[in-house]
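Here the structure comes first, spelled out in structure tokens, and everything after it is commentary.
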Amino acid sequence: MKRLIVPMGLLFGLFAILGVVRADDHSPVSLTARPAKTTLRPGETVTVVLSNFCDSAGNPADKMERIVVVANAGEILGGASAEMPMTPTGNQQAFQVGEGTVEFDYRAPLHCQKDEVKITFLNSLAYGEIDKIPMNLTEPYQTIATLTLKLNCAHYLLLEYNEDYLRLYGKERKDHRIRAILRIDLEPWVADNMLRVTNLSLLEFQGSANRVSATDQEHMQADTASPDFYNQLLLLFLDPESDDVQGLIYEDVPLLIDWHGDEIPEGPPDRINVGPVSEHRPDKREARKAGQDLAGDFPTDNETARRLRRMQRSLTQQFSATQVHPDNRVKTTQGETFFAGEGSWEKKFSNGHHRKTYRWELLLD
């Protein structure tokens, strides 16, 4: 199906016929934008308040005037989608001036590619009540203000987890889906391969579960979860010769899920572990070899030295036996500061499936 593109002049005439464009221009030509903060971390949400909408004569704009808010990265939360053709590139939402104050939330991009984002505010030719012309037909016209927000991209780990489950039992269907995105803020600590966790934020969580039969339909929903426990230290697995980052050594982050709705017997999990999902069988022979290689690294001329050597060999064997999980090994790099990896797991049934995916991104800047 082809989409009809309406030229601006024809659109203006149509609006005039419908009585949604005023003959004299009282559209706002200025406004004041006040964000709660001006520097954001990846995925962080901030509230922005707009006020002082004034027309070209300096008078307050009418409450039925409209504006379009456009972000060149990230997401505008709230308002109505402005989906007309010929609109500026980027996430955009339409708002009505109303009583003179407009409030919306802005979420910074999850993936740091620039050190700042730009939000542009435009007036519109559209004017009038929403039942005469829907908000999604609000066409941006002229830029009346801009807002620049800084992004603090230094040292963070982004974890993304997805789970999809489906089973069919005759006329009964059971399914659940879970999605979680975490940002872990880090700072260098002690050694070159050590990073200390300074903060953990749950940026996004979605969970839904259903049981549908011939006679019943049950539904559960989860919009949030809470970390049960997480490690305060992240280790970088470095190449011993080049010191290049080869992977991560970090424990899973358990999330306790806050489900609400109907009770589904043997329903979705109350807890997930955000971390590697594929199967991993460490090679114990490599662990033993790593310990044996230490035999000549320590003096053995007294009992204390021999005891220390035995302890060191034991610790090395234990560590090597838990080698870096394949899902936590670097698969993608950009320069010397960005690293990423991923993994997946799937179990197929004759009547359904169970899938999990995991992805991580590390930025050292």
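Residue numbering restarts at 1 for every chain of the structure tokens, chains are lettered A, B, ... in their displayed order, and ligands are numbered from 1 as they appear.
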
Handout entry: Residue set, range 158-352 of chain A restricted to helix (DSSP H, G or I), as a PyMOL selection string
Key = chain A and resi 284-296+303-321+326-328

Write out, as a compact mmCIF listing (two decimals), in the first residue's frame, the residues just selected, with C-alpha atoms.
# COMPACT_ATOMS: atom_id res chain seq x y z
CA LYS A 284 39.88 -29.05 33.57
CA ARG A 285 43.06 -30.23 31.84
CA GLU A 286 43.89 -26.61 31.07
CA ALA A 287 43.35 -25.78 34.74
CA ARG A 288 45.77 -28.48 35.86
CA LYS A 289 48.36 -27.36 33.33
CA ALA A 290 48.09 -23.74 34.49
CA GLY A 291 48.82 -24.87 38.03
CA GLN A 292 51.72 -27.10 37.02
CA ASP A 293 53.33 -24.26 35.07
CA LEU A 294 53.81 -22.44 38.37
CA ALA A 295 56.18 -25.09 39.67
CA GLY A 296 59.28 -23.12 38.74
CA GLU A 303 58.80 -24.97 53.92
CA THR A 304 57.16 -21.52 53.85
CA ALA A 305 58.01 -21.05 50.19
CA ARG A 306 56.73 -24.53 49.35
CA ARG A 307 53.47 -23.85 51.21
CA LEU A 308 52.96 -20.56 49.34
CA ARG A 309 53.63 -22.31 46.05
CA ARG A 310 51.02 -24.98 46.82
CA MET A 311 48.44 -22.32 47.72
CA GLN A 312 49.17 -20.34 44.55
CA ARG A 313 48.89 -23.43 42.37
CA SER A 314 45.57 -24.35 43.99
CA LEU A 315 44.13 -20.87 43.45
CA THR A 316 45.30 -20.83 39.84
CA GLN A 317 43.70 -24.20 39.18
CA GLN A 318 40.41 -23.05 40.67
CA PHE A 319 40.44 -19.85 38.61
CA SER A 320 41.41 -21.57 35.37
CA ALA A 321 38.68 -24.16 35.91
CA PRO A 326 32.27 -17.84 25.87
CA ASP A 327 29.36 -15.37 26.08
CA ASN A 328 31.64 -12.96 27.96

Exercise for the section: Could you give me, as number ranges by chain, the residues within 12 Å of Ala209 in chain A, counting only C-alpha atoms and dropping anything in the same chain fewer than 2 positions from it? Expected result: A: 163-167, 173-178, 206-207, 211-212, 217-222, 259-270

Problem - Point-to-point distance from CA of Gln96 in chain A to CA of Lys63 in chain A, Å rounded to tenths - result: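 Separation of CA of Gln96 in chain A and CA of Lys63 in chain A: 7.0 Å.
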
Practice task
Report the distance between CA of Lys347 in chain A and CA of Lys171 in chain A in Å, rounded to one decimal place.
Solution key: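 Taking CA of Lys347 in chain A as the start and CA of Lys171 in chain A as the end point, the length is 21.8 Å.
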
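Residues in contact with Thr120 in chain A at up to 6 Å, not including ones fewer than 6 positions away on its chain and judged by only C-alpha atoms, are Val69, Val70 and Thr146 of chain A.
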
Counting only C-alpha atoms, give me one row per residue of range 115-180 of chain A with an atom at most 12 Å from an atom of range 227-237 of chain A, showing the shortest contact pair and its distance in Å to one decimal, sorted by chain then residue number, as CSV.
residue,atom,partner,partner_atom,distance
A:His155,CA,A:Leu234,CA,11.5
A:Tyr156,CA,A:Leu234,CA,10.9
A:Leu157,CA,A:Leu234,CA,9.7
A:Ala180,CA,A:Pro227,CA,11.3

Export of prior selection with N, CA, C and O atoms as a PDB file, in the first residue's frame:
ATOM      1  N   HIS A 155      33.181   4.780  31.155  1.00  0.00           N
ATOM      2  CA  HIS A 155      33.215   3.550  31.946  1.00  0.00           C
ATOM      3  C   HIS A 155      31.829   3.029  32.343  1.00  0.00           C
ATOM      4  O   HIS A 155      31.329   3.306  33.431  1.00  0.00           O
ATOM      5  N   TYR A 156      31.237   2.256  31.463  1.00  0.00           N
ATOM      6  CA  TYR A 156      29.986   1.595  31.828  1.00  0.00           C
ATOM      7  C   TYR A 156      29.881   0.261  31.104  1.00  0.00           C
ATOM      8  O   TYR A 156      30.479   0.043  30.049  1.00  0.00           O
ATOM      9  N   LEU A 157      29.100  -0.629  31.695  1.00  0.00           N
ATOM     10  CA  LEU A 157      28.805  -1.939  31.125  1.00  0.00           C
ATOM     11  C   LEU A 157      27.304  -2.026  30.935  1.00  0.00           C
ATOM     12  O   LEU A 157      26.541  -1.792  31.872  1.00  0.00           O
ATOM     13  N   ALA A 180      15.168  -7.404  29.843  1.00  0.00           N
ATOM     14  CA  ALA A 180      15.794  -6.557  30.861  1.00  0.00           C
ATOM     15  C   ALA A 180      17.052  -5.918  30.288  1.00  0.00           C
ATOM     16  O   ALA A 180      17.816  -6.570  29.569  1.00  0.00           O
TER      17      ALA A 180
END

Practice task
Just the residues within 10 Å of Asn136 in chain A, please, counting only C-alpha atoms, with nothing from its chain fewer than 4 positions along; format it as an MDAnalysis selection string.
Solution key: chainID A and resid 79:84 93:95 130

Exercise for the section: Could you find all residues in range 59-170 of chain A that DSSP calls strand (DSSP E or B) from the backbone, and write them as number ranges by chain? Expected result: A: 60, 65-71, 75-77, 80-81, 91-96, 102-107, 116-127, 140-151, 156-169

Practice task
Identify which of the residues A:Arg359, A:His111, A:Lys150, A:Arg281 lies closest to Thr39 in chain A, counting only C-alpha atoms when measuring atom-to-atom distances.
Solution key: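 Among the listed residues, A:Lys150 lies closest to Thr39 in chain A.
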
Problem - Residues within 8 Å of Ala33 in chain A, only C-alpha atoms, excluding chain neighbours under 4 positions, as a ChimeraX atom specification - result: /A:48-51,147

Practice task
Please measure the separation of CA of Glu65 in chain A and CA of Gln92 in chain A, giving the value in Å to one decimal.
Solution key: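 Distance reported for this atom pair: 16.9 Å.
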